[in-house]
Amino acid sequence: MENYRVYLTGVGGQGTLLATMVLAEAATWAGHNTLASEVHGMAQRGGVVESMVVIGNIRSPIISDGEADVLVGFEPVETYRAMRKCSADSVVVSNTVPIIPYTVAIGRGRYPNVENLFDFIRSRVKQLITLNAHALAEQAGSMLAANIVMLGALAISGVLPISREAFEETIRTRTKVKFVETNLRAFELGFAAL
């Protein structure tokens, strides 16, 4: 069995931890040994949220710098900041929509050019996959489902040994009942986006 290390990052309120749980549960449902860990930081204030899912015969859920096989970024600057976890063989899946920090909103900072960030990332990894997860989530019925859109894109990328069915079953059984249909639509839209 191969080993896979997935590093997920975003800001508080984006559903990074729910996406981590769905990914870990889907990997387990698919028959893989799975470990997950998370760092909340200042998540409740829009700060960074980082989490890790390791799949295979790995004894620690911690991903050291340069070890991530996959980086899933829910926000462009956070994707860029997490590049230390990647190597030239990594695959990066990133949302293209910025979450503007408070300092930028009040005019005390500038948000970097997203295309410049992606050019940098693209030059340093095996593959960069980008999508507007917010637009697809809105199409699914809820902006809150952007995290599940991202999982759909991750699933279709083929970089992990987890079937579409494993993700869908996990969404059906492990997300809140009132959001299941929206989440399944969001997953499908992310899956079809690439």
# chains A, B, ... in the order shown; residues from 1 in each chain; ligands from 1

call {"tool": "residues_around", "arguments": {"residues": "Ile100 (chain A)", "least_positions_apart": "5", "cutoff": "12 Å", "atoms": "only C-alpha atoms", "output": "PyMOL selection string"}}
result
chain A and resi 11+46-47+75-78+105-112+114

call {"tool": "write_last_selection", "arguments": {"atoms": "N, CA and C atoms", "output": "short mmCIF file (atom, residue, chain, number, x, y, z; two decimals), in the first residue's frame"}}
result
data_model
loop_
_atom_site.label_atom_id
_atom_site.label_comp_id
_atom_site.auth_asym_id
_atom_site.auth_seq_id
_atom_site.Cartn_x
_atom_site.Cartn_y
_atom_site.Cartn_z
N VAL A 11 -8.82 29.57 5.97
CA VAL A 11 -9.04 30.48 7.09
C VAL A 11 -10.31 30.06 7.82
N GLY A 46 -11.00 34.39 11.76
CA GLY A 46 -10.58 34.43 10.36
C GLY A 46 -9.12 34.09 10.17
N GLY A 47 -8.49 33.56 11.20
CA GLY A 47 -7.08 33.18 11.10
C GLY A 47 -6.90 31.86 10.39
N GLU A 75 -7.94 28.99 0.22
CA GLU A 75 -7.77 30.43 0.04
C GLU A 75 -6.39 30.65 -0.59
N PRO A 76 -6.27 31.50 -1.62
CA PRO A 76 -5.00 31.60 -2.37
C PRO A 76 -3.76 31.95 -1.53
N VAL A 77 -3.84 32.95 -0.66
CA VAL A 77 -2.66 33.32 0.14
C VAL A 77 -2.29 32.19 1.09
N GLU A 78 -3.30 31.50 1.66
CA GLU A 78 -2.99 30.38 2.55
C GLU A 78 -2.37 29.23 1.77
N ALA A 105 -8.89 45.10 4.33
CA ALA A 105 -10.22 45.73 4.26
C ALA A 105 -10.20 47.16 4.80
N ILE A 106 -9.35 47.43 5.80
CA ILE A 106 -9.31 48.79 6.37
C ILE A 106 -8.22 49.64 5.72
N GLY A 107 -7.59 49.14 4.67
CA GLY A 107 -6.62 49.93 3.93
C GLY A 107 -5.21 49.92 4.49
N ARG A 108 -4.90 49.01 5.38
CA ARG A 108 -3.56 48.96 5.99
C ARG A 108 -2.68 47.88 5.38
N GLY A 109 -3.13 47.30 4.33
CA GLY A 109 -2.35 46.27 3.66
C GLY A 109 -2.88 46.06 2.26
N ARG A 110 -2.16 45.30 1.46
CA ARG A 110 -2.59 44.98 0.11
C ARG A 110 -2.62 43.48 -0.07
N TYR A 111 -3.65 43.01 -0.73
CA TYR A 111 -3.73 41.59 -1.05
C TYR A 111 -2.88 41.36 -2.30
N PRO A 112 -2.03 40.33 -2.30
CA PRO A 112 -1.18 40.09 -3.47
C PRO A 112 -1.99 39.67 -4.70
N VAL A 114 -3.32 37.39 -7.27
CA VAL A 114 -3.56 35.94 -7.20
C VAL A 114 -2.83 35.20 -8.32
#

call {"tool": "residues_around", "arguments": {"residues": "Thr28 (chain A)", "least_positions_apart": "5", "cutoff": "9 Å", "atoms": "only C-alpha atoms", "output": "short mmCIF file (atom, residue, chain, number, x, y, z; two decimals) with C-alpha atoms, in the first residue's frame"}}
result
data_model
loop_
_atom_site.label_atom_id
_atom_site.label_comp_id
_atom_site.auth_asym_id
_atom_site.auth_seq_id
_atom_site.Cartn_x
_atom_site.Cartn_y
_atom_site.Cartn_z
CA LEU A 23 -11.48 13.20 3.49
CA ASN A 33 -5.32 3.23 7.29
CA THR A 34 -5.88 6.91 7.99
CA ILE A 55 -3.18 7.62 4.33
CA ALA A 166 -16.34 6.68 -0.86
#

call {"tool": "closest_residue", "arguments": {"among": "A:Thr173, A:Ser37, A:Thr79, A:Asn116", "to": "Ile99 (chain A)", "atoms": "only C-alpha atoms"}}
result
A:Thr79

call {"tool": "closest_residue", "arguments": {"among": "A:Gly13, A:Arg5, A:Ser64, A:Arg84", "to": "Asn147 (chain A)", "atoms": "only C-alpha atoms"}}
result
A:Gly13

call {"tool": "select_by_dssp", "arguments": {"residues": "region 28-117 of chain A", "states": "alpha helix (DSSP H)", "output": "list of chain:residue names"}}
result
A:Thr28, A:Trp29, A:Pro76, A:Val77, A:Glu78, A:Thr79, A:Tyr80, A:Arg81, A:Tyr102, A:Thr103, A:Val104, A:Ala105, A:Val114, A:Glu115, A:Asn116, A:Leu117

call {"tool": "atom_distance", "arguments": {"atom1": "CA of Ala153 (chain A)", "atom2": "CA of Asn95 (chain A)"}}
result
10.0 Å

call {"tool": "residues_around", "arguments": {"residues": "region 135-138 of chain A", "least_positions_apart": "6", "cutoff": "8 Å", "atoms": "only C-alpha atoms", "output": "PyMOL selection string"}}
result
chain A and resi 144-146+149+186+189-190

call {"tool": "write_last_selection", "arguments": {"atoms": "C-alpha atoms", "output": "CSV table (one decimal), in the first residue's frame"}}
result
chain,number,residue,atom,x,y,z
A,144,LEU,CA,-20.7,27.3,2.7
A,145,ALA,CA,-20.2,24.3,0.5
A,146,ALA,CA,-17.0,25.6,-1.2
A,149,VAL,CA,-16.5,21.6,-4.0
A,186,ALA,CA,-21.3,20.7,-4.5
A,189,LEU,CA,-19.8,20.3,-9.4
A,190,GLY,CA,-16.2,20.2,-8.1

call {"tool": "atom_distance", "arguments": {"atom1": "CA of Gly12 (chain A)", "atom2": "CA of Glu50 (chain A)"}}
result
9.7 Å

call {"tool": "closest_residue", "arguments": {"among": "A:Gly73, A:Pro101, A:Pro61, A:Gly66", "to": "Asp89 (chain A)", "atoms": "only C-alpha atoms"}}
result
A:Gly66

call {"tool": "residues_around", "arguments": {"residues": "Val22 (chain A)", "least_positions_apart": "5", "cutoff": "10 Å", "atoms": "only C-alpha atoms", "output": "list in words"}}
result
Thr16, Leu17, Ala27, Thr28, Ile148, Leu151, Ala166, Phe167, Glu168, Glu169, Thr170, Ile171, Thr173, Arg174 and Thr175 of chain A

call {"tool": "write_last_selection", "arguments": {"atoms": "N, CA and C atoms", "output": "CSV table (one decimal), in the first residue's frame"}}
result
chain,number,residue,atom,x,y,z
A,16,THR,N,-12.6,24.1,6.6
A,16,THR,CA,-11.4,23.2,6.4
A,16,THR,C,-11.5,22.0,7.3
A,17,LEU,N,-11.9,22.1,8.5
A,17,LEU,CA,-12.0,21.0,9.4
A,17,LEU,C,-13.0,20.0,9.0
A,27,ALA,N,-11.4,8.0,3.1
A,27,ALA,CA,-10.2,7.2,3.0
A,27,ALA,C,-10.4,5.9,3.8
A,28,THR,N,-10.9,6.1,5.0
A,28,THR,CA,-11.1,4.9,5.9
A,28,THR,C,-12.2,4.0,5.3
A,148,ILE,N,-16.6,21.5,0.1
A,148,ILE,CA,-17.0,20.2,-0.5
A,148,ILE,C,-16.8,20.2,-2.0
A,151,LEU,N,-13.3,19.2,-2.4
A,151,LEU,CA,-13.1,17.8,-2.3
A,151,LEU,C,-13.5,17.1,-3.6
A,166,ALA,N,-16.8,6.6,-2.3
A,166,ALA,CA,-16.3,6.7,-0.9
A,166,ALA,C,-16.6,8.1,-0.3
A,167,PHE,N,-16.3,9.1,-1.2
A,167,PHE,CA,-16.6,10.5,-0.8
A,167,PHE,C,-18.1,10.7,-0.6
A,168,GLU,N,-18.8,10.2,-1.6
A,168,GLU,CA,-20.3,10.5,-1.6
A,168,GLU,C,-21.0,9.8,-0.4
A,169,GLU,N,-20.5,8.6,-0.1
A,169,GLU,CA,-21.1,7.8,1.1
A,169,GLU,C,-20.7,8.6,2.4
A,170,THR,N,-19.5,9.1,2.5
A,170,THR,CA,-19.1,9.8,3.6
A,170,THR,C,-19.9,11.1,3.8
A,171,ILE,N,-20.2,11.8,2.7
A,171,ILE,CA,-21.0,13.0,2.7
A,171,ILE,C,-22.4,12.7,3.2
A,173,THR,N,-23.4,10.2,5.1
A,173,THR,CA,-23.5,9.7,6.4
A,173,THR,C,-22.8,10.5,7.5
A,174,ARG,N,-22.0,11.4,7.1
A,174,ARG,CA,-21.2,12.2,8.1
A,174,ARG,C,-21.4,13.7,8.1
A,175,THR,N,-22.2,14.2,7.2
A,175,THR,CA,-22.5,15.6,7.3
A,175,THR,C,-23.9,15.8,7.7

call {"tool": "closest_residue", "arguments": {"among": "A:His134, A:Lys85, A:Arg185, A:Arg59", "to": "Ile121 (chain A)", "atoms": "only C-alpha atoms"}}
result
A:Lys85

call {"tool": "select_by_dssp", "arguments": {"residues": "region 15-143 of chain A", "states": "strand (DSSP E)", "output": "PyMOL selection string"}}
result
chain A and resi 34-39+48-55+68-73+86-95+127-131

call {"tool": "write_last_selection", "arguments": {"atoms": "N, CA and C atoms", "output": "compact mmCIF listing (two decimals), in the first residue's frame"}}
result
# COMPACT_ATOMS: atom_id res chain seq x y z
N THR A 34 -5.83 5.46 8.10
CA THR A 34 -5.88 6.91 7.99
C THR A 34 -5.68 7.56 9.36
N LEU A 35 -4.91 8.63 9.37
CA LEU A 35 -4.75 9.46 10.56
C LEU A 35 -4.99 10.91 10.16
N ALA A 36 -5.54 11.69 11.08
CA ALA A 36 -5.78 13.11 10.81
C ALA A 36 -5.41 13.93 12.03
N SER A 37 -4.98 15.16 11.79
CA SER A 37 -4.73 16.10 12.88
C SER A 37 -5.06 17.50 12.38
N GLU A 38 -5.22 18.42 13.32
CA GLU A 38 -5.61 19.78 12.94
C GLU A 38 -5.02 20.80 13.89
N VAL A 39 -4.82 22.00 13.33
CA VAL A 39 -4.36 23.15 14.11
C VAL A 39 -5.35 24.27 13.87
N VAL A 48 -5.66 31.47 10.22
CA VAL A 48 -5.33 30.26 9.47
C VAL A 48 -5.81 29.00 10.21
N VAL A 49 -6.27 28.05 9.42
CA VAL A 49 -6.62 26.72 9.90
C VAL A 49 -5.82 25.74 9.05
N GLU A 50 -5.07 24.86 9.71
CA GLU A 50 -4.27 23.88 9.01
C GLU A 50 -4.63 22.50 9.52
N SER A 51 -4.70 21.53 8.62
CA SER A 51 -4.97 20.17 9.04
C SER A 51 -4.22 19.21 8.12
N MET A 52 -4.09 17.99 8.59
CA MET A 52 -3.34 16.99 7.86
C MET A 52 -4.08 15.66 7.86
N VAL A 53 -4.05 14.98 6.74
CA VAL A 53 -4.58 13.62 6.64
C VAL A 53 -3.48 12.78 6.01
N VAL A 54 -3.12 11.70 6.69
CA VAL A 54 -2.14 10.78 6.13
C VAL A 54 -2.83 9.44 5.90
N ILE A 55 -2.52 8.85 4.77
CA ILE A 55 -3.18 7.62 4.33
C ILE A 55 -2.10 6.58 4.07
N ALA A 68 4.44 16.91 1.80
CA ALA A 68 3.05 16.78 1.33
C ALA A 68 3.01 16.26 -0.11
N ASP A 69 2.23 15.22 -0.30
CA ASP A 69 1.96 14.75 -1.66
C ASP A 69 0.92 15.64 -2.31
N VAL A 70 0.00 16.12 -1.48
CA VAL A 70 -1.10 16.96 -1.95
C VAL A 70 -1.28 18.12 -0.97
N LEU A 71 -1.47 19.30 -1.52
CA LEU A 71 -1.84 20.48 -0.74
C LEU A 71 -3.20 20.94 -1.24
N VAL A 72 -4.17 21.04 -0.34
CA VAL A 72 -5.48 21.56 -0.68
C VAL A 72 -5.61 22.92 0.00
N GLY A 73 -5.70 23.98 -0.79
CA GLY A 73 -5.79 25.33 -0.25
C GLY A 73 -7.16 25.93 -0.52
N CYS A 86 5.33 21.50 0.50
CA CYS A 86 5.36 20.84 -0.81
C CYS A 86 6.78 20.56 -1.29
N SER A 87 6.84 19.67 -2.27
CA SER A 87 8.08 19.39 -3.00
C SER A 87 7.79 19.53 -4.49
N ALA A 88 8.77 19.29 -5.30
CA ALA A 88 8.58 19.35 -6.75
C ALA A 88 7.62 18.28 -7.25
N ASP A 89 7.34 17.25 -6.43
CA ASP A 89 6.44 16.17 -6.81
C ASP A 89 5.01 16.36 -6.30
N SER A 90 4.76 17.44 -5.60
CA SER A 90 3.44 17.67 -4.99
C SER A 90 2.41 18.12 -6.02
N VAL A 91 1.15 17.82 -5.71
CA VAL A 91 0.01 18.32 -6.47
C VAL A 91 -0.72 19.30 -5.56
N VAL A 92 -1.05 20.48 -6.09
CA VAL A 92 -1.74 21.51 -5.33
C VAL A 92 -3.11 21.74 -5.95
N VAL A 93 -4.14 21.73 -5.10
CA VAL A 93 -5.51 22.05 -5.52
C VAL A 93 -5.90 23.28 -4.73
N SER A 94 -6.20 24.40 -5.44
CA SER A 94 -6.47 25.65 -4.73
C SER A 94 -7.72 26.35 -5.25
N ASN A 95 -8.45 26.91 -4.30
CA ASN A 95 -9.54 27.84 -4.60
C ASN A 95 -8.90 29.13 -5.11
N GLN A 127 1.97 19.71 -10.25
CA GLN A 127 0.72 20.13 -10.88
C GLN A 127 -0.03 21.09 -9.96
N LEU A 128 -0.59 22.14 -10.55
CA LEU A 128 -1.46 23.07 -9.84
C LEU A 128 -2.84 23.01 -10.48
N ILE A 129 -3.84 22.74 -9.68
CA ILE A 129 -5.24 22.71 -10.12
C ILE A 129 -5.95 23.86 -9.41
N THR A 130 -6.57 24.75 -10.17
CA THR A 130 -7.29 25.87 -9.55
C THR A 130 -8.74 25.87 -10.00
N LEU A 131 -9.61 26.34 -9.10
CA LEU A 131 -11.02 26.48 -9.46
C LEU A 131 -11.67 27.51 -8.53

call {"tool": "atom_distance", "arguments": {"atom1": "CA of Ile58 (chain A)", "atom2": "CA of Ala24 (chain A)"}}
result
13.6 Å

call {"tool": "closest_residue", "arguments": {"among": "A:Leu194, A:Asn132, A:Gly141, A:Arg172", "to": "Ser157 (chain A)", "atoms": "only C-alpha atoms"}}
result
A:Leu194
